[in-house]
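Engineer: File name data.cif; file contents mmCIF, N, CA and C atoms; full text below.
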data_protein
loop_
_atom_site.label_atom_id
_atom_site.label_comp_id
_atom_site.auth_asym_id
_atom_site.auth_seq_id
_atom_site.Cartn_x
_atom_site.Cartn_y
_atom_site.Cartn_z
N MET D 63 27.56 -15.11 -9.96
CA MET D 63 26.61 -14.31 -10.72
C MET D 63 25.23 -14.33 -10.07
N ASN D 64 24.76 -15.50 -9.64
CA ASN D 64 23.45 -15.59 -9.00
C ASN D 64 23.40 -14.82 -7.69
N ASP D 65 24.53 -14.79 -6.96
CA ASP D 65 24.56 -14.05 -5.70
C ASP D 65 24.31 -12.58 -5.93
N ILE D 66 24.91 -12.01 -6.98
CA ILE D 66 24.70 -10.60 -7.30
C ILE D 66 23.26 -10.38 -7.72
N HIS D 67 22.72 -11.28 -8.55
CA HIS D 67 21.33 -11.16 -8.99
C HIS D 67 20.38 -11.23 -7.79
N ASP D 68 20.62 -12.15 -6.87
CA ASP D 68 19.78 -12.27 -5.68
C ASP D 68 19.87 -11.02 -4.82
N GLU D 69 21.08 -10.46 -4.70
CA GLU D 69 21.24 -9.23 -3.90
C GLU D 69 20.43 -8.09 -4.51
N VAL D 70 20.49 -7.96 -5.82
CA VAL D 70 19.74 -6.90 -6.50
C VAL D 70 18.25 -7.16 -6.37
N LYS D 71 17.84 -8.39 -6.54
CA LYS D 71 16.42 -8.74 -6.48
C LYS D 71 15.84 -8.51 -5.09
N HIS D 72 16.54 -8.89 -4.06
CA HIS D 72 15.99 -8.85 -2.71
C HIS D 72 16.37 -7.61 -1.92
N ARG D 73 17.37 -6.89 -2.33
CA ARG D 73 17.80 -5.72 -1.58
C ARG D 73 18.05 -4.54 -2.53
N THR D 74 17.12 -4.31 -3.42
CA THR D 74 17.25 -3.25 -4.41
C THR D 74 17.47 -1.90 -3.76
N ASP D 75 16.79 -1.64 -2.66
CA ASP D 75 16.93 -0.33 -2.01
C ASP D 75 18.38 -0.08 -1.60
N VAL D 76 19.05 -1.06 -1.04
CA VAL D 76 20.44 -0.89 -0.61
C VAL D 76 21.35 -0.74 -1.82
N VAL D 77 21.13 -1.54 -2.85
CA VAL D 77 21.95 -1.47 -4.06
C VAL D 77 21.81 -0.11 -4.72
N ILE D 78 20.57 0.39 -4.82
CA ILE D 78 20.35 1.70 -5.44
C ILE D 78 21.09 2.77 -4.65
N LEU D 79 20.99 2.74 -3.36
CA LEU D 79 21.64 3.74 -2.53
C LEU D 79 23.15 3.69 -2.70
N LYS D 80 23.72 2.49 -2.75
CA LYS D 80 25.17 2.35 -2.90
C LYS D 80 25.64 2.79 -4.28
N GLU D 81 24.89 2.41 -5.31
CA GLU D 81 25.32 2.66 -6.68
C GLU D 81 25.07 4.10 -7.12
N ASP D 82 23.91 4.63 -6.80
CA ASP D 82 23.54 5.95 -7.29
C ASP D 82 22.56 6.59 -6.31
N GLU D 83 23.09 7.31 -5.36
CA GLU D 83 22.27 7.89 -4.31
C GLU D 83 21.21 8.82 -4.88
N GLN D 84 21.56 9.59 -5.90
CA GLN D 84 20.60 10.52 -6.50
C GLN D 84 19.44 9.79 -7.17
N PHE D 85 19.74 8.67 -7.83
CA PHE D 85 18.68 7.88 -8.45
C PHE D 85 17.76 7.32 -7.37
N GLY D 86 18.33 6.86 -6.28
CA GLY D 86 17.53 6.33 -5.17
C GLY D 86 16.60 7.40 -4.61
N LYS D 87 17.11 8.62 -4.48
CA LYS D 87 16.28 9.72 -3.98
C LYS D 87 15.16 10.05 -4.96
N ARG D 88 15.47 10.07 -6.25
CA ARG D 88 14.43 10.35 -7.27
C ARG D 88 13.37 9.26 -7.26
N LEU D 89 13.80 8.01 -7.14
CA LEU D 89 12.85 6.90 -7.12
C LEU D 89 11.97 6.97 -5.88
N ALA D 90 12.55 7.26 -4.73
CA ALA D 90 11.79 7.39 -3.49
C ALA D 90 10.78 8.53 -3.59
N LYS D 91 11.21 9.65 -4.12
CA LYS D 91 10.33 10.82 -4.26
C LYS D 91 9.18 10.51 -5.22
N ALA D 92 9.49 9.82 -6.31
CA ALA D 92 8.44 9.46 -7.28
C ALA D 92 7.44 8.49 -6.67
N ALA D 93 7.92 7.50 -5.95
CA ALA D 93 7.03 6.51 -5.32
C ALA D 93 6.13 7.19 -4.30
N PHE D 94 6.71 8.08 -3.49
CA PHE D 94 5.93 8.78 -2.49
C PHE D 94 4.90 9.69 -3.17
N GLY D 95 5.29 10.31 -4.26
CA GLY D 95 4.37 11.16 -5.03
C GLY D 95 3.18 10.38 -5.57
N LEU D 96 3.43 9.15 -6.01
CA LEU D 96 2.33 8.31 -6.50
C LEU D 96 1.33 8.00 -5.39
N VAL D 97 1.83 7.76 -4.19
CA VAL D 97 0.96 7.50 -3.05
C VAL D 97 0.08 8.72 -2.78
N VAL D 98 0.69 9.88 -2.75
CA VAL D 98 -0.06 11.12 -2.51
C VAL D 98 -1.14 11.30 -3.59
N ASN D 99 -0.79 11.06 -4.84
CA ASN D 99 -1.77 11.18 -5.93
C ASN D 99 -2.90 10.16 -5.78
N ASP D 100 -2.56 8.92 -5.44
CA ASP D 100 -3.59 7.90 -5.27
C ASP D 100 -4.52 8.24 -4.11
N PHE D 101 -3.96 8.74 -3.01
CA PHE D 101 -4.77 9.16 -1.87
C PHE D 101 -5.70 10.31 -2.27
N ARG D 102 -5.18 11.26 -3.03
CA ARG D 102 -5.97 12.42 -3.45
C ARG D 102 -7.11 11.98 -4.38
N ARG D 103 -6.79 11.13 -5.36
CA ARG D 103 -7.84 10.66 -6.29
C ARG D 103 -8.92 9.89 -5.55
N TYR D 104 -8.51 9.06 -4.59
CA TYR D 104 -9.50 8.30 -3.83
C TYR D 104 -10.39 9.25 -3.02
N SER D 105 -9.78 10.21 -2.37
CA SER D 105 -10.53 11.18 -1.58
C SER D 105 -11.55 11.92 -2.45
N GLU D 106 -11.15 12.31 -3.64
CA GLU D 106 -12.06 12.99 -4.57
C GLU D 106 -13.18 12.08 -5.05
N SER D 107 -12.89 10.78 -5.16
CA SER D 107 -13.89 9.83 -5.68
C SER D 107 -14.93 9.44 -4.63
N LYS D 108 -14.66 9.73 -3.36
CA LYS D 108 -15.60 9.33 -2.31
C LYS D 108 -16.96 10.01 -2.45
N GLY D 109 -17.01 11.11 -3.16
CA GLY D 109 -18.27 11.80 -3.38
C GLY D 109 -19.14 11.15 -4.45
N LEU D 110 -18.56 10.19 -5.17
CA LEU D 110 -19.32 9.51 -6.22
C LEU D 110 -20.34 8.55 -5.63
N ASN D 111 -21.36 8.27 -6.39
CA ASN D 111 -22.35 7.27 -6.03
C ASN D 111 -21.63 5.93 -5.86
N LYS D 112 -22.03 5.14 -4.87
CA LYS D 112 -21.38 3.84 -4.63
C LYS D 112 -21.42 2.95 -5.87
N ASP D 113 -22.48 3.06 -6.68
CA ASP D 113 -22.57 2.26 -7.89
C ASP D 113 -21.49 2.64 -8.90
N GLN D 114 -21.01 3.88 -8.84
CA GLN D 114 -19.96 4.32 -9.75
C GLN D 114 -18.59 3.87 -9.29
N GLN D 115 -18.46 3.45 -8.04
CA GLN D 115 -17.16 3.06 -7.50
C GLN D 115 -16.86 1.59 -7.73
N LYS D 116 -17.87 0.78 -8.02
CA LYS D 116 -17.66 -0.65 -8.23
C LYS D 116 -18.25 -1.05 -9.58
N PHE D 117 -17.64 -2.03 -10.20
CA PHE D 117 -18.10 -2.51 -11.50
C PHE D 117 -18.25 -4.02 -11.44
N ALA D 118 -19.25 -4.57 -12.13
CA ALA D 118 -19.41 -6.01 -12.19
C ALA D 118 -18.76 -6.51 -13.48
N ASP D 119 -18.02 -7.61 -13.37
CA ASP D 119 -17.42 -8.18 -14.57
C ASP D 119 -18.44 -9.06 -15.28
N MET D 120 -18.03 -9.73 -16.34
CA MET D 120 -18.98 -10.52 -17.14
C MET D 120 -19.57 -11.70 -16.37
N PHE D 121 -18.96 -12.09 -15.25
CA PHE D 121 -19.48 -13.18 -14.44
C PHE D 121 -20.31 -12.67 -13.26
N GLY D 122 -20.47 -11.35 -13.16
CA GLY D 122 -21.26 -10.77 -12.09
C GLY D 122 -20.50 -10.47 -10.82
N PHE D 123 -19.18 -10.73 -10.83
CA PHE D 123 -18.37 -10.41 -9.66
C PHE D 123 -18.10 -8.92 -9.63
N VAL D 124 -18.24 -8.34 -8.46
CA VAL D 124 -17.98 -6.91 -8.32
C VAL D 124 -16.47 -6.70 -8.18
N THR D 125 -15.95 -5.81 -8.99
CA THR D 125 -14.53 -5.48 -8.93
C THR D 125 -14.36 -4.04 -8.47
N LEU D 126 -13.19 -3.74 -7.98
CA LEU D 126 -12.91 -2.39 -7.52
C LEU D 126 -12.70 -1.46 -8.71
N SER D 127 -13.05 -0.21 -8.51
CA SER D 127 -12.74 0.78 -9.54
C SER D 127 -11.22 0.92 -9.62
N GLU D 128 -10.74 1.44 -10.71
CA GLU D 128 -9.30 1.66 -10.88
C GLU D 128 -8.76 2.57 -9.78
N THR D 129 -9.53 3.59 -9.43
CA THR D 129 -9.10 4.52 -8.39
C THR D 129 -8.93 3.81 -7.05
N LYS D 130 -9.89 2.98 -6.70
CA LYS D 130 -9.81 2.28 -5.41
C LYS D 130 -8.72 1.22 -5.43
N ARG D 131 -8.52 0.57 -6.55
CA ARG D 131 -7.47 -0.44 -6.66
C ARG D 131 -6.10 0.22 -6.47
N LEU D 132 -5.88 1.36 -7.11
CA LEU D 132 -4.62 2.07 -6.95
C LEU D 132 -4.45 2.57 -5.51
N PHE D 133 -5.55 3.01 -4.91
CA PHE D 133 -5.53 3.45 -3.52
C PHE D 133 -5.14 2.27 -2.61
N PHE D 134 -5.75 1.11 -2.82
CA PHE D 134 -5.40 -0.07 -2.03
C PHE D 134 -3.93 -0.47 -2.25
N ASP D 135 -3.46 -0.38 -3.51
CA ASP D 135 -2.05 -0.66 -3.78
C ASP D 135 -1.14 0.26 -2.97
N SER D 136 -1.54 1.53 -2.89
CA SER D 136 -0.74 2.48 -2.11
C SER D 136 -0.77 2.15 -0.62
N LEU D 137 -1.94 1.76 -0.10
CA LEU D 137 -2.01 1.36 1.30
C LEU D 137 -1.14 0.14 1.57
N ILE D 138 -1.15 -0.79 0.64
CA ILE D 138 -0.31 -2.00 0.78
C ILE D 138 1.16 -1.60 0.85
N TRP D 139 1.57 -0.64 0.03
CA TRP D 139 2.96 -0.19 0.05
C TRP D 139 3.27 0.56 1.34
N VAL D 140 2.40 1.48 1.74
CA VAL D 140 2.63 2.29 2.94
C VAL D 140 2.76 1.41 4.18
N PHE D 141 1.91 0.39 4.29
CA PHE D 141 1.94 -0.48 5.47
C PHE D 141 2.80 -1.73 5.27
N GLU D 142 3.49 -1.77 4.14
CA GLU D 142 4.43 -2.85 3.81
C GLU D 142 3.77 -4.22 3.95
N LEU D 143 2.63 -4.37 3.26
CA LEU D 143 1.85 -5.60 3.32
C LEU D 143 2.16 -6.56 2.17
N HIS D 144 3.14 -6.24 1.34
CA HIS D 144 3.49 -7.10 0.21
C HIS D 144 3.94 -8.47 0.70
N GLU D 145 3.57 -9.48 -0.06
CA GLU D 145 4.05 -10.83 0.28
C GLU D 145 5.51 -11.00 -0.16
N SER D 146 5.90 -10.28 -1.20
CA SER D 146 7.30 -10.28 -1.62
C SER D 146 7.81 -8.84 -1.55
N GLU D 147 9.09 -8.70 -1.44
CA GLU D 147 9.68 -7.37 -1.25
C GLU D 147 9.49 -6.50 -2.49
N PRO D 148 9.01 -5.27 -2.29
CA PRO D 148 8.84 -4.37 -3.44
C PRO D 148 10.19 -3.84 -3.93
N THR D 149 10.19 -3.22 -5.07
CA THR D 149 11.42 -2.65 -5.62
C THR D 149 12.03 -1.65 -4.65
N ILE D 150 11.19 -0.83 -4.06
CA ILE D 150 11.65 0.15 -3.08
C ILE D 150 10.65 0.12 -1.93
N SER D 151 11.13 -0.06 -0.73
CA SER D 151 10.22 -0.16 0.41
C SER D 151 9.79 1.22 0.88
N PHE D 152 8.65 1.27 1.53
CA PHE D 152 8.15 2.53 2.08
C PHE D 152 9.11 3.08 3.12
N SER D 153 9.62 2.21 3.98
CA SER D 153 10.57 2.65 5.02
C SER D 153 11.80 3.28 4.41
N TYR D 154 12.31 2.65 3.35
CA TYR D 154 13.48 3.19 2.66
C TYR D 154 13.16 4.54 2.03
N ALA D 155 12.02 4.64 1.38
CA ALA D 155 11.64 5.91 0.75
C ALA D 155 11.55 7.02 1.79
N CYS D 156 10.96 6.72 2.93
CA CYS D 156 10.86 7.72 4.00
C CYS D 156 12.24 8.10 4.52
N GLU D 157 13.10 7.11 4.68
CA GLU D 157 14.46 7.38 5.16
C GLU D 157 15.20 8.31 4.20
N VAL D 158 15.12 8.02 2.92
CA VAL D 158 15.78 8.83 1.90
C VAL D 158 15.22 10.25 1.87
N LEU D 159 13.91 10.37 2.08
CA LEU D 159 13.25 11.68 2.02
C LEU D 159 13.26 12.42 3.36
N GLY D 160 13.81 11.78 4.39
CA GLY D 160 13.87 12.41 5.70
C GLY D 160 12.52 12.50 6.40
N ARG D 161 11.66 11.53 6.15
CA ARG D 161 10.34 11.48 6.78
C ARG D 161 10.28 10.34 7.78
N ASP D 162 9.40 10.47 8.73
CA ASP D 162 9.22 9.43 9.75
C ASP D 162 8.14 8.46 9.27
N ALA D 163 8.55 7.27 8.87
CA ALA D 163 7.62 6.29 8.32
C ALA D 163 6.54 5.91 9.32
N ARG D 164 6.91 5.66 10.57
CA ARG D 164 5.92 5.25 11.59
C ARG D 164 4.88 6.34 11.82
N SER D 165 5.29 7.59 11.86
CA SER D 165 4.33 8.68 12.06
C SER D 165 3.37 8.78 10.88
N PHE D 166 3.89 8.63 9.66
CA PHE D 166 3.04 8.68 8.48
C PHE D 166 2.04 7.52 8.51
N GLN D 167 2.53 6.32 8.86
CA GLN D 167 1.65 5.16 8.94
C GLN D 167 0.57 5.35 10.00
N GLN D 168 0.96 5.90 11.15
CA GLN D 168 -0.01 6.11 12.23
C GLN D 168 -1.07 7.12 11.82
N CYS D 169 -0.66 8.22 11.24
CA CYS D 169 -1.62 9.24 10.78
C CYS D 169 -2.55 8.67 9.71
N THR D 170 -1.98 7.90 8.80
CA THR D 170 -2.78 7.28 7.74
C THR D 170 -3.79 6.30 8.34
N ALA D 171 -3.34 5.49 9.28
CA ALA D 171 -4.23 4.50 9.92
C ALA D 171 -5.36 5.19 10.67
N ASN D 172 -5.04 6.27 11.37
CA ASN D 172 -6.07 6.99 12.12
C ASN D 172 -7.11 7.60 11.18
N ALA D 173 -6.66 8.13 10.06
CA ALA D 173 -7.57 8.80 9.13
C ALA D 173 -8.35 7.83 8.25
N LEU D 174 -7.81 6.64 8.03
CA LEU D 174 -8.40 5.71 7.06
C LEU D 174 -8.72 4.35 7.67
N GLN D 175 -9.26 4.35 8.88
CA GLN D 175 -9.56 3.09 9.56
C GLN D 175 -10.51 2.20 8.75
N ASN D 176 -11.61 2.79 8.28
CA ASN D 176 -12.59 1.99 7.52
C ASN D 176 -11.97 1.40 6.26
N GLU D 177 -11.16 2.19 5.58
CA GLU D 177 -10.52 1.72 4.35
C GLU D 177 -9.54 0.59 4.63
N LEU D 178 -8.82 0.67 5.74
CA LEU D 178 -7.89 -0.40 6.09
C LEU D 178 -8.63 -1.69 6.45
N ILE D 179 -9.74 -1.56 7.13
CA ILE D 179 -10.56 -2.74 7.42
C ILE D 179 -11.06 -3.35 6.12
N GLU D 180 -11.55 -2.51 5.22
CA GLU D 180 -12.02 -2.99 3.92
C GLU D 180 -10.88 -3.63 3.13
N LEU D 181 -9.68 -3.07 3.21
CA LEU D 181 -8.52 -3.64 2.53
C LEU D 181 -8.24 -5.05 3.03
N VAL D 182 -8.25 -5.23 4.35
CA VAL D 182 -8.01 -6.57 4.92
C VAL D 182 -9.10 -7.54 4.45
N GLN D 183 -10.35 -7.09 4.40
CA GLN D 183 -11.44 -7.94 3.91
C GLN D 183 -11.22 -8.30 2.45
N THR D 184 -10.76 -7.34 1.65
CA THR D 184 -10.50 -7.59 0.24
C THR D 184 -9.34 -8.56 0.07
N ILE D 185 -8.31 -8.42 0.88
CA ILE D 185 -7.18 -9.35 0.83
C ILE D 185 -7.65 -10.76 1.18
N GLU D 186 -8.53 -10.88 2.16
CA GLU D 186 -9.04 -12.21 2.53
C GLU D 186 -9.81 -12.84 1.37
N ILE D 187 -10.62 -12.05 0.69
CA ILE D 187 -11.41 -12.56 -0.44
C ILE D 187 -10.51 -12.97 -1.60
N THR D 188 -9.51 -12.13 -1.89
CA THR D 188 -8.69 -12.38 -3.08
C THR D 188 -7.48 -13.26 -2.84
N CYS D 189 -6.92 -13.23 -1.63
CA CYS D 189 -5.67 -13.95 -1.37
C CYS D 189 -5.77 -15.04 -0.31
N GLY D 190 -6.86 -15.01 0.46
CA GLY D 190 -7.03 -16.04 1.48
C GLY D 190 -6.82 -15.53 2.89
N LYS D 191 -7.21 -16.39 3.83
CA LYS D 191 -7.18 -16.02 5.24
C LYS D 191 -5.77 -15.82 5.79
N VAL D 192 -4.82 -16.58 5.32
CA VAL D 192 -3.45 -16.46 5.82
C VAL D 192 -2.88 -15.09 5.46
N SER D 193 -3.05 -14.67 4.22
CA SER D 193 -2.56 -13.37 3.78
C SER D 193 -3.29 -12.24 4.52
N ALA D 194 -4.59 -12.41 4.71
CA ALA D 194 -5.37 -11.40 5.43
C ALA D 194 -4.91 -11.29 6.88
N LYS D 195 -4.60 -12.41 7.51
CA LYS D 195 -4.13 -12.38 8.90
C LYS D 195 -2.78 -11.67 8.99
N CYS D 196 -1.89 -11.94 8.06
CA CYS D 196 -0.59 -11.25 8.05
C CYS D 196 -0.78 -9.75 7.90
N ALA D 197 -1.67 -9.35 6.99
CA ALA D 197 -1.95 -7.92 6.78
C ALA D 197 -2.57 -7.32 8.03
N ALA D 198 -3.54 -8.02 8.60
CA ALA D 198 -4.22 -7.52 9.81
C ALA D 198 -3.25 -7.37 10.97
N ASP D 199 -2.33 -8.30 11.11
CA ASP D 199 -1.35 -8.22 12.20
C ASP D 199 -0.47 -6.98 12.05
N LYS D 200 -0.06 -6.66 10.81
CA LYS D 200 0.77 -5.47 10.60
C LYS D 200 -0.03 -4.19 10.85
N ILE D 201 -1.27 -4.16 10.40
CA ILE D 201 -2.10 -2.97 10.57
C ILE D 201 -2.51 -2.79 12.03
N ALA D 202 -2.65 -3.91 12.76
CA ALA D 202 -3.07 -3.85 14.17
C ALA D 202 -2.05 -3.13 15.05
N GLU D 203 -0.85 -2.92 14.55
CA GLU D 203 0.13 -2.13 15.28
C GLU D 203 -0.34 -0.68 15.41
N PHE D 204 -1.25 -0.27 14.51
CA PHE D 204 -1.66 1.13 14.45
C PHE D 204 -3.11 1.37 14.87
N ILE D 205 -4.00 0.45 14.53
CA ILE D 205 -5.43 0.61 14.86
C ILE D 205 -6.03 -0.74 15.21
N SER D 206 -7.19 -0.71 15.85
CA SER D 206 -7.93 -1.92 16.15
C SER D 206 -8.76 -2.32 14.93
N LEU D 207 -8.69 -3.57 14.57
CA LEU D 207 -9.44 -4.06 13.41
C LEU D 207 -10.67 -4.86 13.84
N ASP D 208 -11.07 -4.74 15.10
CA ASP D 208 -12.17 -5.54 15.63
C ASP D 208 -13.54 -5.14 15.09
N ARG D 209 -13.68 -3.91 14.65
CA ARG D 209 -15.00 -3.46 14.22
C ARG D 209 -15.18 -3.66 12.71
N LYS D 210 -16.43 -3.67 12.31
CA LYS D 210 -16.77 -3.82 10.89
C LYS D 210 -16.66 -2.47 10.19
N VAL D 211 -16.60 -2.52 8.87
CA VAL D 211 -16.52 -1.29 8.07
C VAL D 211 -17.85 -0.53 8.20
N THR D 212 -17.74 0.77 8.46
CA THR D 212 -18.93 1.63 8.47
C THR D 212 -18.88 2.49 7.21
N GLN D 213 -20.00 2.53 6.50
CA GLN D 213 -19.99 3.27 5.23
C GLN D 213 -21.03 4.33 5.17
#
Output the file's structure in the form of structure tokens.

Structural biologist:
Amino acid sequence: MNDIHDEVKHRTDVVILKEDEQFGKRLAKAAFGLVVNDFRRYSESKGLNKDQQKFADMFGFVTLSETKRLFFDSLIWVFELHESEPTISFSYACEVLGRDARSFQQCTANALQNELIELVQTIEITCGKVSAKCAADKIAEFISLDRKVTQ
């Protein structure tokens, strides 16, 4: 029983495809659609005043706006930066939808270099240097992270 549970937990994408190919396709399409929506909302929010994009909590710590947090979540999924395996991986979603994951990642990295640098900095602040290094190593396949964020 535990073996089946572990298989479902760690290889959900394969199980979904084997059990119900149509459900897997719908899930992949929905996940990809969420990424597109998050990217669009973030792009629209860039025109806002910087003070409107960040909020201070009751302790004075600056937190990300909901839009930017969702955008960062989408970047984490697209570049597969999760520390644990997501329910459906970006690579699997692209495979199911007939898209080239590497090309999408490369185009995204080229267009959003500053945001990816900021994401790695945010990961370092919230999760530590080890997690940030892992994220930076994966992103470095696409862009150089040597420069600072320009805003």

Engineer: Mind giving me the straight-line distance from atom CA of D:Asn99 to atom CA of D:Lys87 in Å, one decimal?

Structural biologist: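 Interatomic distance, atom CA of D:Asn99 to atom CA of D:Lys87: 18.2 Å.
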
Engineer: What is the atom C of D:Asp82-atom N of D:Gly160 distance in Å, reported with one decimal?

Structural biologist: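 So the answer is 14.8 Å.
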
Engineer: Identify which of the residues D:Thr149, D:Ser107, D:Ser165, D:Thr170 lies closest to D:Leu137, counting only C-alpha atoms when measuring atom-to-atom distances.

Structural biologist: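 Closest candidate: D:Thr170.
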
Engineer: Between atom CA of D:Ser146 and atom CA of D:Ile185, what distance in Å does the model show, to one decimal?

Structural biologist: 14.7 Å

Engineer: Counting only N, CA and C atoms, which residue out of D:Ala92, D:Trp139, D:Asp100, D:Arg131 sits closest to D:Ser151?

Structural biologist: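 Nearest candidate to D:Ser151 out of D:Ala92, D:Trp139, D:Asp100, D:Arg131: D:Trp139.
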
Engineer: Given the choices D:Arg88, D:Phe101, D:Asp208, D:Ala194, which gets closest to D:Phe134 if the distance is worked out from all atoms listed in the file?

Structural biologist: D:Phe101

Engineer: For D:Glu142, which of D:Ala197, D:Thr129, D:Ser206, D:Gln183 is the closest residue, counting all atoms listed in the file?

Structural biologist: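 Once distances to D:Glu142 are computed over all atoms listed in the file, the minimum belongs to D:Ala197.
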
Engineer: Edge lengths and centre, in Å to one decimal, as JSON: that's what I need for the box along x, y and z that holds all listed atoms of stretch 87-100 of chain D plus 5 Å on each side.

Structural biologist:
{"center_x": 6.3, "center_y": 8.9, "center_z": -4.9, "size_x": 31.6, "size_y": 14.8, "size_z": 14.8}

Engineer: So, with only C-alpha atoms as the atoms that count, which of D:Val158, D:His144, D:Glu106, D:Leu126 lies closest to D:Ala93?

Structural biologist: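 That would be D:Val158, the residue with the smallest distance to D:Ala93.
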
Engineer: I want to know what sits within 6.5 Å of D:Ala198, based on all atoms listed in the file, with residues of the same chain fewer than 5 positions away left out; could you give that as a VMD selection string?

Structural biologist: chain D and resid 182 193 203

Engineer: Taking the DSSP secondary structure from the backbone, can you list the residues of stretch 80-188 of chain D that are strand (DSSP E or B), as a PyMOL selection string?

Structural biologist: chain D and resi 116-118+124-126

Engineer: Determine the nearest neighbour of D:Gln175 from the options D:Ala90, D:Ile205, D:Leu96, D:Leu143, counting only N, CA and C atoms.

Structural biologist: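 So, comparing all the options, the nearest one is D:Ile205.
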